[in-house]
Amino acid sequence: MSVRTESSTAHRAGFACFVGRPNAGKSTLTNALVGTKVAITSNRPQTTRHTVRGIVHRPEAQLVLVDTPGLHKPRTLLGERLNDVVRTTWSEVDVIGFCLPADQKIGPGDRYIASELAGIKKTPKIAIVTKTDLVDSKALAAQLIAIDQLGKELGIEWAEIIPVSAVGDAQVSLLADLLVPMLPESPPLYPEGDLTDEPEQVMVAELIREAALEGVRDELPHSIAVVVEEMLPREDRPADKPLLDIHANVYIERPSQKGIIIGPKGKRLKEVGMKSRKHIEALLGTPVFLDLHVKVAKDWQRDPKQLRKLGF
């Protein structure tokens, strides 16, 4: 008898990843599940370039979320690298969540991803209808039927189809309930307090990049990369008043873009600094002095050497 009770309460731990075309709500969903801001969110497609892992801790399970970049038809070397990252990730996780926004009909981008998913046989797949707060129940029902149909056409057997709204916090914990049983039995993979295993420098760079994208919506969607050169505690500070010096470079592709990022009289860059500093201080729990410089790395998205230097 005791054997059975033991197995029914066995701790589970494993990896899940959310896929979907750019801007399908993957990062927002990761943040809602983890309950803190780990993946950067922006309503610019293509903002997540790193595999940001968010970690959901529960008494009986630990769910590690791997947030891949959106899969899309590549136009540049960077695009191809991103797609390779996606496919590698898919083959290594325990469950895949395919995110489809409720407010947009299933399009060629979704079909492209679904057909790629159909080729990955062993991993269970959950279809997640995101952004349900943007539609009425009739439109939602139509979307659920369309997703079911899509699975049948491509030979994908959805383990579940679940509507969620990360913004309205609707069904988010139910989604975690559905993901957990699909994980293998395992002790926790990360210490209790960890929310992400991204190195701090990478997360700081992402927060700066998010703030830099904020005001230049349409002008520089993918032309921004951020590298944190160093993060050092300021010397000679009393223990109760620490200060962290962060030196970071914001890279753009062309000299003409410099003015857009810096703004008239440096106003824009100052705003980027102020905004990202707030988030960085919240993340690291310490006051920060942020030193930002804008540099040109010519056509970095197409140049393998530059891509490497910028961490891709």
# chains A, B, ... in the order shown; residues from 1 in each chain; ligands from 1
call {"tool": "select_by_dssp", "arguments": {"residues": "region 172-248 of chain A", "states": "alpha helix (DSSP H)", "output": "PyMOL selection string"}}
result
chain A and resi 172-179+200-214
call {"tool": "residues_around", "arguments": {"residues": "region 108-115 of chain A", "least_positions_apart": "2", "cutoff": "8 Å", "atoms": "only C-alpha atoms", "output": "number ranges by chain"}}
result
A: 20-21, 71-72, 100, 106, 117-119, 150-151, 154
call {"tool": "atom_distance", "arguments": {"atom1": "CA of Glu185 (chain A)", "atom2": "CA of Val164 (chain A)"}}
result
26.3 Å
call {"tool": "residues_around", "arguments": {"residues": "Ile162 (chain A)", "least_positions_apart": "2", "cutoff": "12 Å", "atoms": "only C-alpha atoms", "output": "VMD selection string"}}
result
chain A and resid 97 to 102 125 to 132 140 to 141 143 to 145 147 to 148 158 to 160 164 to 165 170 to 179
call {"tool": "write_last_selection", "arguments": {"atoms": "C-alpha atoms", "output": "short mmCIF file (atom, residue, chain, number, x, y, z; two decimals), in the first residue's frame"}}
result
data_model
loop_
_atom_site.label_atom_id
_atom_site.label_comp_id
_atom_site.auth_asym_id
_atom_site.auth_seq_id
_atom_site.Cartn_x
_atom_site.Cartn_y
_atom_site.Cartn_z
CA GLY A 97 2.71 24.49 -25.75
CA PHE A 98 1.68 25.91 -29.14
CA CYS A 99 0.40 29.47 -28.64
CA LEU A 100 -2.24 30.83 -31.01
CA PRO A 101 -3.80 34.25 -30.34
CA ALA A 102 -7.60 34.18 -29.98
CA LYS A 125 1.69 19.04 -27.44
CA ILE A 126 -0.85 21.37 -25.88
CA ALA A 127 -2.59 24.02 -27.99
CA ILE A 128 -2.90 27.25 -25.99
CA VAL A 129 -5.31 29.92 -27.18
CA THR A 130 -3.83 33.17 -25.85
CA LYS A 131 -5.25 36.69 -25.50
CA THR A 132 -8.81 35.40 -24.86
CA LEU A 140 -13.28 31.90 -29.09
CA ALA A 141 -15.39 28.82 -29.86
CA GLN A 143 -10.91 29.44 -32.85
CA LEU A 144 -11.00 26.28 -30.68
CA ILE A 145 -12.72 24.37 -33.50
CA ILE A 147 -7.28 24.50 -33.91
CA ASP A 148 -8.83 21.07 -33.45
CA TRP A 158 -3.33 17.72 -29.10
CA ALA A 159 -2.98 16.47 -25.52
CA GLU A 160 -5.16 19.45 -24.55
CA VAL A 164 -5.97 31.45 -21.44
CA SER A 165 -5.53 35.15 -20.87
CA ALA A 170 -7.66 33.61 -16.66
CA GLN A 171 -6.87 29.86 -16.57
CA VAL A 172 -3.13 30.46 -16.11
CA SER A 173 -2.83 28.17 -13.08
CA LEU A 174 -5.06 25.60 -14.81
CA LEU A 175 -2.51 25.57 -17.64
CA ALA A 176 0.23 24.77 -15.10
CA ASP A 177 -2.02 21.98 -13.71
CA LEU A 178 -2.22 20.48 -17.20
CA LEU A 179 1.51 20.77 -17.91
#
call {"tool": "residues_around", "arguments": {"residues": "region 258-272 of chain A", "least_positions_apart": "2", "cutoff": "7 Å", "atoms": "only C-alpha atoms", "output": "VMD selection string"}}
result
chain A and resid 211 to 212 255 to 256 274 to 276 294
call {"tool": "select_by_dssp", "arguments": {"residues": "region 176-271 of chain A", "states": "strand (DSSP E or B)", "output": "ChimeraX atom specification"}}
result
/A:185,225-233,244-252
call {"tool": "write_last_selection", "arguments": {"atoms": "N, CA and C atoms", "output": "PDB file, in the first residue's frame"}}
result
ATOM      1  N   GLU A 185       8.903  12.100 -13.449  1.00  0.00           N
ATOM      2  CA  GLU A 185       9.160  12.133 -12.011  1.00  0.00           C
ATOM      3  C   GLU A 185      10.629  12.489 -11.811  1.00  0.00           C
ATOM      4  N   ALA A 225      20.899  45.584 -30.676  1.00  0.00           N
ATOM      5  CA  ALA A 225      21.447  44.533 -29.818  1.00  0.00           C
ATOM      6  C   ALA A 225      22.100  45.240 -28.644  1.00  0.00           C
ATOM      7  N   VAL A 226      22.057  44.628 -27.467  1.00  0.00           N
ATOM      8  CA  VAL A 226      22.665  45.262 -26.293  1.00  0.00           C
ATOM      9  C   VAL A 226      23.671  44.299 -25.680  1.00  0.00           C
ATOM     10  N   VAL A 227      24.851  44.805 -25.387  1.00  0.00           N
ATOM     11  CA  VAL A 227      25.859  43.992 -24.707  1.00  0.00           C
ATOM     12  C   VAL A 227      26.267  44.699 -23.419  1.00  0.00           C
ATOM     13  N   VAL A 228      26.140  43.989 -22.299  1.00  0.00           N
ATOM     14  CA  VAL A 228      26.598  44.546 -21.026  1.00  0.00           C
ATOM     15  C   VAL A 228      28.087  44.248 -20.923  1.00  0.00           C
ATOM     16  N   GLU A 229      28.903  45.301 -20.939  1.00  0.00           N
ATOM     17  CA  GLU A 229      30.350  45.116 -20.923  1.00  0.00           C
ATOM     18  C   GLU A 229      30.842  44.730 -19.534  1.00  0.00           C
ATOM     19  N   GLU A 230      30.316  45.431 -18.509  1.00  0.00           N
ATOM     20  CA  GLU A 230      30.694  45.009 -17.156  1.00  0.00           C
ATOM     21  C   GLU A 230      29.687  45.453 -16.113  1.00  0.00           C
ATOM     22  N   MET A 231      29.626  44.683 -15.041  1.00  0.00           N
ATOM     23  CA  MET A 231      28.789  45.014 -13.891  1.00  0.00           C
ATOM     24  C   MET A 231      29.676  44.882 -12.657  1.00  0.00           C
ATOM     25  N   LEU A 232      29.967  46.016 -12.022  1.00  0.00           N
ATOM     26  CA  LEU A 232      30.888  45.998 -10.882  1.00  0.00           C
ATOM     27  C   LEU A 232      30.324  46.783  -9.714  1.00  0.00           C
ATOM     28  N   PRO A 233      30.445  46.242  -8.480  1.00  0.00           N
ATOM     29  CA  PRO A 233      30.031  47.036  -7.323  1.00  0.00           C
ATOM     30  C   PRO A 233      30.976  48.236  -7.181  1.00  0.00           C
ATOM     31  N   LEU A 244      25.764  49.551  -7.854  1.00  0.00           N
ATOM     32  CA  LEU A 244      26.324  48.696  -8.893  1.00  0.00           C
ATOM     33  C   LEU A 244      26.520  49.521 -10.157  1.00  0.00           C
ATOM     34  N   ASP A 245      27.741  49.552 -10.664  1.00  0.00           N
ATOM     35  CA  ASP A 245      28.009  50.252 -11.930  1.00  0.00           C
ATOM     36  C   ASP A 245      27.802  49.289 -13.085  1.00  0.00           C
ATOM     37  N   ILE A 246      26.930  49.657 -14.027  1.00  0.00           N
ATOM     38  CA  ILE A 246      26.705  48.808 -15.210  1.00  0.00           C
ATOM     39  C   ILE A 246      27.055  49.608 -16.465  1.00  0.00           C
ATOM     40  N   HIS A 247      27.996  49.083 -17.240  1.00  0.00           N
ATOM     41  CA  HIS A 247      28.373  49.731 -18.502  1.00  0.00           C
ATOM     42  C   HIS A 247      27.852  48.878 -19.645  1.00  0.00           C
ATOM     43  N   ALA A 248      27.034  49.475 -20.510  1.00  0.00           N
ATOM     44  CA  ALA A 248      26.425  48.690 -21.589  1.00  0.00           C
ATOM     45  C   ALA A 248      26.487  49.448 -22.903  1.00  0.00           C
ATOM     46  N   ASN A 249      26.610  48.699 -23.986  1.00  0.00           N
ATOM     47  CA  ASN A 249      26.579  49.291 -25.322  1.00  0.00           C
ATOM     48  C   ASN A 249      25.317  48.869 -26.058  1.00  0.00           C
ATOM     49  N   VAL A 250      24.676  49.844 -26.670  1.00  0.00           N
ATOM     50  CA  VAL A 250      23.511  49.571 -27.510  1.00  0.00           C
ATOM     51  C   VAL A 250      24.013  49.615 -28.952  1.00  0.00           C
ATOM     52  N   TYR A 251      23.931  48.478 -29.641  1.00  0.00           N
ATOM     53  CA  TYR A 251      24.442  48.410 -31.014  1.00  0.00           C
ATOM     54  C   TYR A 251      23.316  48.556 -32.024  1.00  0.00           C
ATOM     55  N   ILE A 252      23.581  49.388 -33.047  1.00  0.00           N
ATOM     56  CA  ILE A 252      22.643  49.505 -34.160  1.00  0.00           C
ATOM     57  C   ILE A 252      23.417  49.200 -35.444  1.00  0.00           C
TER      58      ILE A 252
END
call {"tool": "residues_around", "arguments": {"residues": "region 301-306 of chain A", "least_positions_apart": "5", "cutoff": "12 Å", "atoms": "only C-alpha atoms", "output": "list in words"}}
result
Pro74, Arg75, Thr76, Leu77, Leu78, Gly79, Glu80, Arg81, Leu82, His222, Ser223, Ile224, Ala225, Val227, Tyr251, Ile252, Glu253, Arg254, Val296, Gly311 and Phe312 of chain A
call {"tool": "atom_distance", "arguments": {"atom1": "CA of Trp90 (chain A)", "atom2": "CA of Arg308 (chain A)"}}
result
22.8 Å
